>>> print(open('run_29.txt').read())   # compact mmCIF, C-alpha atoms and all ligand atoms
# COMPACT_ATOMS: atom_id res chain seq x y z
CA MET A 1 11.76 -27.12 14.74
CA ASN A 2 8.70 -25.00 15.48
CA LEU A 3 5.38 -26.65 14.87
CA LYS A 4 3.31 -24.76 12.36
CA GLN A 5 0.20 -23.37 13.90
CA ARG A 6 -3.21 -23.87 12.37
CA GLY A 7 -4.35 -21.04 10.10
CA LYS A 8 -1.12 -19.10 10.46
CA LEU A 9 1.16 -18.17 7.60
CA PRO A 10 4.67 -19.59 8.08
CA ILE A 11 7.28 -16.87 7.59
CA VAL A 12 11.08 -16.65 7.70
CA VAL A 13 12.71 -13.37 8.77
CA LEU A 14 16.18 -12.31 7.58
CA ILE A 15 18.16 -9.83 9.66
CA SER A 16 21.62 -8.31 9.96
CA GLY A 17 21.36 -6.12 13.03
CA GLY A 18 19.48 -4.99 16.09
CA GLY A 19 16.20 -6.53 15.10
CA THR A 20 13.75 -3.95 16.42
CA ASN A 21 11.57 -4.63 13.38
CA LEU A 22 11.82 -8.35 14.11
CA GLN A 23 10.73 -7.55 17.68
CA SER A 24 7.70 -5.64 16.41
CA ILE A 25 6.70 -8.70 14.36
CA ILE A 26 7.27 -11.05 17.32
CA ASP A 27 5.18 -8.77 19.55
CA SER A 28 2.42 -8.58 16.92
CA THR A 29 2.29 -12.38 16.63
CA ALA A 30 1.90 -12.57 20.41
CA ARG A 31 -1.21 -10.42 19.92
CA ASP A 32 -3.13 -11.29 16.75
CA LEU A 33 -0.87 -11.18 13.68
CA PRO A 34 -1.75 -14.49 11.95
CA VAL A 35 1.77 -15.60 11.13
CA CYS A 36 4.19 -18.08 12.65
CA ILE A 37 7.88 -17.17 12.55
CA GLN A 38 9.54 -20.46 11.54
CA ALA A 39 13.08 -19.14 11.66
CA VAL A 40 15.23 -16.03 11.92
CA ILE A 41 18.36 -16.07 9.76
CA SER A 42 21.23 -13.58 10.05
CA ASN A 43 24.30 -13.03 7.91
CA VAL A 44 25.95 -11.35 10.92
CA GLU A 45 27.05 -13.63 13.76
CA ASP A 46 26.53 -11.17 16.62
CA ALA A 47 23.34 -9.48 15.39
CA PHE A 48 21.32 -8.61 18.51
CA GLY A 49 18.15 -9.69 16.70
CA LEU A 50 19.31 -13.31 17.10
CA GLN A 51 19.01 -12.91 20.87
CA ARG A 52 15.51 -11.47 20.48
CA ALA A 53 14.55 -14.53 18.40
CA ALA A 54 16.07 -17.00 20.87
CA LYS A 55 14.25 -15.30 23.75
CA ALA A 56 10.98 -15.77 21.87
CA GLY A 57 11.79 -19.45 21.32
CA ILE A 58 12.31 -19.07 17.58
CA THR A 59 14.81 -21.20 15.65
CA THR A 60 17.82 -19.20 14.50
CA ALA A 61 20.53 -19.71 11.92
CA ILE A 62 23.67 -17.79 11.00
CA LEU A 63 24.86 -17.82 7.42
CA LYS A 64 27.97 -15.68 7.04
CA HIS A 65 28.41 -14.27 3.57
CA HIS A 66 32.22 -14.21 4.03
CA ALA A 67 32.19 -18.01 4.03
CA TYR A 68 31.05 -18.21 0.39
CA PRO A 69 33.07 -17.54 -2.79
CA ASP A 70 30.51 -15.22 -4.37
CA ARG A 71 27.03 -13.79 -4.13
CA SER A 72 25.32 -16.56 -6.09
CA ALA A 73 26.89 -19.27 -3.87
CA TYR A 74 25.77 -17.40 -0.78
CA ASP A 75 22.28 -16.86 -2.12
CA ALA A 76 21.96 -20.55 -3.05
CA ALA A 77 22.88 -21.57 0.50
CA LEU A 78 20.50 -18.97 1.93
CA CYS A 79 17.71 -20.27 -0.30
CA GLN A 80 18.31 -23.81 0.90
CA GLU A 81 18.24 -22.77 4.55
CA ILE A 82 15.04 -20.75 4.07
CA ASP A 83 13.24 -23.46 2.12
CA ARG A 84 13.72 -26.03 4.91
CA HIS A 85 11.06 -24.02 6.71
CA GLU A 86 8.63 -23.87 3.76
CA PRO A 87 7.66 -20.25 4.30
CA GLY A 88 4.75 -18.60 2.53
CA LEU A 89 6.50 -15.25 3.01
CA VAL A 90 10.13 -14.19 3.45
CA VAL A 91 10.67 -10.92 5.31
CA LEU A 92 13.80 -8.74 5.08
CA ALA A 93 13.93 -6.89 8.39
CA GLY A 94 17.14 -4.88 8.26
CA PHE A 95 18.89 -7.45 6.06
CA MET A 96 21.94 -5.75 4.54
CA ARG A 97 22.95 -7.96 1.62
CA ILE A 98 21.71 -7.37 -1.91
CA LEU A 99 20.04 -10.51 -3.27
CA SER A 100 20.71 -11.94 -6.72
CA PRO A 101 18.07 -12.19 -9.48
CA ALA A 102 17.90 -16.01 -9.04
CA PHE A 103 17.06 -15.58 -5.36
CA VAL A 104 14.47 -12.89 -6.06
CA ALA A 105 12.86 -15.04 -8.80
CA HIS A 106 12.65 -18.03 -6.46
CA TYR A 107 10.58 -15.98 -3.98
CA ALA A 108 8.68 -13.87 -6.50
CA GLY A 109 5.63 -12.29 -4.89
CA ARG A 110 6.51 -13.61 -1.42
CA LEU A 111 9.57 -11.56 -0.50
CA ILE A 112 9.18 -8.16 1.19
CA ASN A 113 11.57 -5.55 2.59
CA ILE A 114 11.32 -2.51 4.81
CA HIS A 115 13.40 0.42 3.64
CA PRO A 116 14.02 3.57 5.66
CA SER A 117 12.91 6.22 3.15
CA ILE A 118 9.85 7.31 1.25
CA LEU A 119 10.69 5.45 -1.94
CA PRO A 120 11.44 6.22 -4.74
CA ALA A 121 13.41 8.85 -2.79
CA LEU A 122 16.71 7.68 -1.30
CA PRO A 123 17.17 4.04 -2.30
CA GLY A 124 20.30 2.34 -0.95
CA LEU A 125 22.24 2.90 2.27
CA HIS A 126 22.64 5.72 4.86
CA THR A 127 19.23 7.19 4.11
CA HIS A 128 18.85 9.23 7.32
CA GLN A 129 22.09 11.17 6.86
CA ARG A 130 21.27 11.66 3.19
CA ALA A 131 17.78 12.99 4.04
CA ILE A 132 19.41 15.57 6.34
CA ASP A 133 22.19 16.43 3.89
CA THR A 134 19.69 16.90 1.04
CA GLY A 135 17.59 19.21 3.20
CA LEU A 136 14.43 17.11 2.94
CA ASN A 137 11.53 18.28 5.14
CA GLU A 138 9.94 14.87 5.10
CA HIS A 139 11.39 11.39 5.45
CA GLY A 140 9.97 8.01 6.40
CA ALA A 141 9.82 4.34 5.52
CA SER A 142 8.41 2.02 2.87
CA VAL A 143 7.49 -1.66 2.79
CA HIS A 144 7.83 -3.12 -0.69
CA PHE A 145 7.94 -6.38 -2.60
CA VAL A 146 11.54 -7.14 -3.53
CA SER A 147 12.48 -7.04 -7.20
CA ASP A 148 15.82 -7.12 -9.04
CA GLU A 149 15.97 -3.34 -8.85
CA VAL A 150 17.24 -2.69 -5.31
CA ASP A 151 14.57 -0.79 -3.35
CA GLY A 152 12.60 -0.47 -6.60
CA GLY A 153 9.88 -3.11 -6.19
CA PRO A 154 6.13 -2.47 -5.83
CA ILE A 155 5.30 -0.49 -2.67
CA ILE A 156 2.77 -1.84 -0.15
CA ILE A 157 2.68 0.89 2.52
CA GLN A 158 4.62 4.01 3.49
CA ALA A 159 4.79 6.29 6.50
CA GLN A 160 6.04 9.87 6.69
CA VAL A 161 7.82 11.71 9.51
CA PRO A 162 9.07 15.32 9.63
CA VAL A 163 12.78 16.09 9.49
CA LEU A 164 13.46 18.56 12.33
CA THR A 165 16.09 21.30 12.12
CA ASP A 166 18.21 19.88 14.95
CA ASP A 167 17.95 16.23 13.84
CA SER A 168 20.98 13.96 13.78
CA ALA A 169 20.91 10.78 11.71
CA GLU A 170 20.26 8.94 15.01
CA SER A 171 17.32 11.08 16.16
CA LEU A 172 15.76 10.92 12.71
CA ALA A 173 16.30 7.13 12.53
CA ALA A 174 14.54 6.71 15.87
CA ARG A 175 11.51 8.66 14.62
CA VAL A 176 11.42 6.60 11.41
CA LEU A 177 11.79 3.30 13.32
CA GLN A 178 8.65 4.06 15.37
CA GLN A 179 6.74 4.19 12.09
CA GLU A 180 8.49 1.08 10.74
CA HIS A 181 7.27 -0.84 13.77
CA ARG A 182 3.71 0.12 12.85
CA ILE A 183 3.70 -0.35 9.07
CA PHE A 184 5.70 -3.59 8.80
CA PRO A 185 3.27 -5.70 10.87
CA GLN A 186 0.41 -4.03 8.96
CA ALA A 187 1.87 -5.03 5.58
CA ILE A 188 2.53 -8.58 6.82
CA ARG A 189 -1.05 -8.78 8.09
CA TRP A 190 -2.44 -7.77 4.69
CA PHE A 191 -0.24 -10.38 3.01
CA ALA A 192 -1.25 -13.10 5.49
CA GLU A 193 -4.92 -12.23 4.98
CA ASP A 194 -4.35 -12.68 1.23
CA ARG A 195 -5.48 -9.13 0.50
CA LEU A 196 -2.48 -8.03 -1.62
CA GLU A 197 -1.84 -8.55 -5.31
CA ILE A 198 0.61 -7.06 -7.79
CA SER A 199 -0.96 -5.74 -10.97
CA ASP A 200 1.02 -3.82 -13.62
CA GLY A 201 3.84 -3.29 -11.14
CA GLN A 202 1.51 -1.75 -8.57
CA VAL A 203 0.30 -3.27 -5.30
CA LEU A 204 -3.45 -3.62 -4.87
CA LEU A 205 -5.07 -4.02 -1.44
CA ASP A 206 -8.55 -5.52 -1.70
CA GLY A 207 -8.37 -4.68 -5.42
CA GLN A 208 -7.57 -0.96 -4.94
CA PRO A 209 -4.18 0.81 -5.11
CA ALA A 210 -2.60 0.03 -1.75
CA LEU A 211 -0.81 3.35 -1.30
CA ASN A 212 -4.10 5.18 -0.68
CA HIS A 213 -4.15 3.47 2.71
CA SER A 214 -0.75 4.71 3.85
CA ALA A 215 -1.96 7.89 5.47
CA GLY A 216 -4.32 6.06 7.82
CA SER A 217 -3.41 3.40 10.36
N1 LIG B 1 17.83 -7.40 -2.96
C1 LIG B 1 17.17 -7.13 -4.07
N2 LIG B 1 17.39 -7.90 -5.14
N3 LIG B 1 16.25 -6.13 -4.18
C2 LIG B 1 16.01 -5.36 -3.11
O1 LIG B 1 15.10 -4.40 -3.21
C3 LIG B 1 16.72 -5.57 -1.89
C4 LIG B 1 17.63 -6.63 -1.86
C5 LIG B 1 18.37 -6.87 -0.68
C6 LIG B 1 18.21 -6.06 0.42
C7 LIG B 1 17.27 -4.08 1.53
C8 LIG B 1 17.87 -2.73 1.10
C9 LIG B 1 17.38 -1.58 1.97
O2 LIG B 1 16.23 -1.60 2.42
C10 LIG B 1 17.33 -5.00 0.37
C11 LIG B 1 16.56 -4.76 -0.76
C12 LIG B 1 21.53 -3.57 1.40
C13 LIG B 1 22.10 -2.79 0.41
C14 LIG B 1 23.59 -2.84 0.12
O3 LIG B 1 24.09 -2.02 -0.63
C15 LIG B 1 21.25 -1.98 -0.35
C16 LIG B 1 19.89 -1.97 -0.10
C17 LIG B 1 19.35 -2.77 0.90
C18 LIG B 1 20.18 -3.56 1.65
N4 LIG B 1 24.32 -3.82 0.69
C19 LIG B 1 25.75 -4.06 0.48
C20 LIG B 1 25.94 -5.24 -0.48
O4 LIG B 1 27.01 -5.25 -1.12
C21 LIG B 1 26.43 -4.46 1.77
C22 LIG B 1 26.29 -3.42 2.84
C23 LIG B 1 26.68 -3.95 4.21
O5 LIG B 1 26.95 -5.17 4.37
O6 LIG B 1 26.69 -3.14 5.15
O7 LIG B 1 25.09 -6.13 -0.56
O8 LIG B 1 18.10 -0.56 2.09
C1 LIG B 2 15.67 -0.33 9.80
O1 LIG B 2 15.61 1.07 9.84
C2 LIG B 2 15.46 -0.82 8.39
O2 LIG B 2 14.51 -0.06 7.69
C3 LIG B 2 16.83 -0.61 7.82
O3 LIG B 2 17.72 -0.98 8.83
C4 LIG B 2 17.10 -0.80 10.10
C5 LIG B 2 17.10 -2.13 10.82
O4 LIG B 2 16.70 -1.94 12.13
N1 LIG B 2 17.04 -1.41 6.67
C6 LIG B 2 18.00 -1.13 5.82
O5 LIG B 2 18.66 -0.12 5.89
C7 LIG B 2 18.21 -2.16 4.75
N2 LIG B 2 19.32 -1.78 3.97
P1 LIG B 2 16.32 -3.19 13.05
O6 LIG B 2 17.44 -4.19 12.91
O7 LIG B 2 16.26 -2.59 14.42
O8 LIG B 2 15.00 -3.71 12.57
>>> encode(input="run_29.txt", output="structure tokens")
Amino acid sequence: MNLKQRGKLPIVVLISGGGTNLQSIIDSTARDLPVCIQAVISNVEDAFGLQRAAKAGITTAILKHHAYPDRSAYDAALCQEIDRHEPGLVVLAGFMRILSPAFVAHYAGRLINIHPSILPALPGLHTHQRAIDTGLNEHGASVHFVSDEVDGGPIIIQAQVPVLTDDSAESLAARVLQQEHRIFPQAIRWFAEDRLEISDGQVLLDGQPALNHSAGS
């Protein structure tokens, strides 16, 4: 097991896929992000993000949802695996399974997700294709605290990108991912520095509405 490092917030990262957001967090910790990634857990056996974690010397675990009778059994096992690492923050970085209310309650106020749209627009899956199909001019990404309402929890930071006339879902996703790699480490930094609070369903940064900061860096 990783040793916890002095003054650093222990976090656990959940993934299902390529893990470029995980990589941006790993790279930020190698610079000055004051967190220590205790473990990376995937529900998908061959998620490339697991290789990124292993390369960085981070403990990994695979918990396949198919192996459990239902969502609550899976979530209970996931909870147990996460809690072994005693994280102060749990990060969903491209994790593709909806989490049950019991799971969300267990990590209330210390569970965050990055979602590839400017919420409340386009919750759910396949957001890039939907942005194109709907004819949106602007798309982007949001980091939010996770609540029972999928993609409906309090928003910490957002970033906007233009939708170009010749965009495919892939080209648009690549433009959005560049922004994700900037705003996710930023949100985690604010959390680790204890600068975020939730008040009346809204996120405050240093006591002020956090979304005012989204336009800047
Ligand atoms: N859980 C809760 N309770 N609340 C949220 O806001 C959550 C969550 C779990 C994941 C990420 C979310 C996203 O950013 C997320 C937010 C998966 C689905 C989904 O429909 C929807 C939203 C998100 C992630 N998943 C299918 C399911 O049945 C499975 C899809 C698949 O395996 O490919 O869980 O978009
Ligand atoms: C990211 O775009 C993330 O916002 C999105 O999946 C991608 C994961 O990329 N998340 C969801 O769609 C959650 N349902 P990554 O594995 O390279 O970080």
>>> closest_atom_pairs(input="run_29.txt", of="chain A", to="ligand LIG 2 (chain B)", cutoff="6 Å", atoms="all atoms listed in the file", output="tab-separated table")
residue	atom	partner	partner_atom	distance
A:Gly17	CA	B:LIG2	O6	4.4
A:Gly18	CA	B:LIG2	O6	3.9
A:Gly19	CA	B:LIG2	O6	3.4
A:Thr20	CA	B:LIG2	O7	3.5
A:Asn21	CA	B:LIG2	O8	3.6
A:Leu22	CA	B:LIG2	O8	5.8
A:Ala93	CA	B:LIG2	O8	5.4
A:Gly94	CA	B:LIG2	C5	3.8
A:Phe95	CA	B:LIG2	C7	5.5
A:Met96	CA	B:LIG2	N2	4.8
A:Ile114	CA	B:LIG2	O2	4.9
A:His115	CA	B:LIG2	O2	4.2
A:Pro116	CA	B:LIG2	O2	4.2
A:Leu125	CA	B:LIG2	N2	5.8
A:Leu177	CA	B:LIG2	O1	5.6
>>> atom_distance(input="run_29.txt", atom1="atom C7 of ligand LIG 1 (chain B)", atom2="atom CA of Thr165 of chain A")
27.5 Å
>>> atom_distance(input="run_29.txt", atom1="atom CA of Gly140 of chain A", atom2="atom O2 of ligand LIG 1 (chain B)")
12.1 Å
>>> atom_distance(input="run_29.txt", atom1="atom CA of Asp151 of chain A", atom2="atom CA of Leu122 of chain A")
9.0 Å
>>> axis_aligned_box(input="run_29.txt", around="segment 77-84 of chain A", padding_each_side="5 Å", output="AutoDock Vina command-line options")
--center_x 18.1 --center_y -22.5 --center_z 2.3 --size_x 19.6 --size_y 17.1 --size_z 15.2
>>> residues_near_ligand(input="run_29.txt", ligand="ligand LIG 1 (chain B)", cutoff="8 Å", atoms="only C-alpha atoms and all ligand atoms", output="PyMOL selection string")
chain A and resi 92+94-101+103-104+113-116+123-125+144-153
>>> residues_around(input="run_29.txt", residues="Gly109 of chain A", least_positions_apart="6", cutoff="10 Å", atoms="all atoms listed in the file", output="VMD selection string")
chain A and resid 88 to 90 145 to 147 154 196 to 198
>>> write_last_selection(input="run_29.txt", atoms="C-alpha atoms", output="mmCIF file, keeping the file's coordinate frame")
data_model
loop_
_atom_site.group_PDB
_atom_site.id
_atom_site.type_symbol
_atom_site.label_atom_id
_atom_site.label_comp_id
_atom_site.auth_asym_id
_atom_site.auth_seq_id
_atom_site.Cartn_x
_atom_site.Cartn_y
_atom_site.Cartn_z
ATOM 1 C CA GLY A 88 4.750 -18.600 2.530
ATOM 2 C CA LEU A 89 6.500 -15.250 3.010
ATOM 3 C CA VAL A 90 10.130 -14.190 3.450
ATOM 4 C CA PHE A 145 7.940 -6.380 -2.600
ATOM 5 C CA VAL A 146 11.540 -7.140 -3.530
ATOM 6 C CA SER A 147 12.480 -7.040 -7.200
ATOM 7 C CA PRO A 154 6.130 -2.470 -5.830
ATOM 8 C CA LEU A 196 -2.480 -8.030 -1.620
ATOM 9 C CA GLU A 197 -1.840 -8.550 -5.310
ATOM 10 C CA ILE A 198 0.610 -7.060 -7.790
#
>>> residues_near_point(input="run_29.txt", point="(3.7, -3.9, 10.0)", cutoff="12 Å", atoms="all atoms listed in the file", output="VMD selection string")
chain A and resid 20 to 29 33 35 91 93 112 to 114 141 to 144 156 to 159 177 to 192 214 217
>>> closest_residue(input="run_29.txt", among="A:Asp206, A:Asp166, A:Asp75, A:Glu81", to="Ile41 of chain A", atoms="all atoms listed in the file")
A:Glu81
>>> closest_residue(input="run_29.txt", among="A:Asp83, A:Glu138, A:Asp194, A:Glu45", to="Leu9 of chain A", atoms="all atoms listed in the file")
A:Asp194
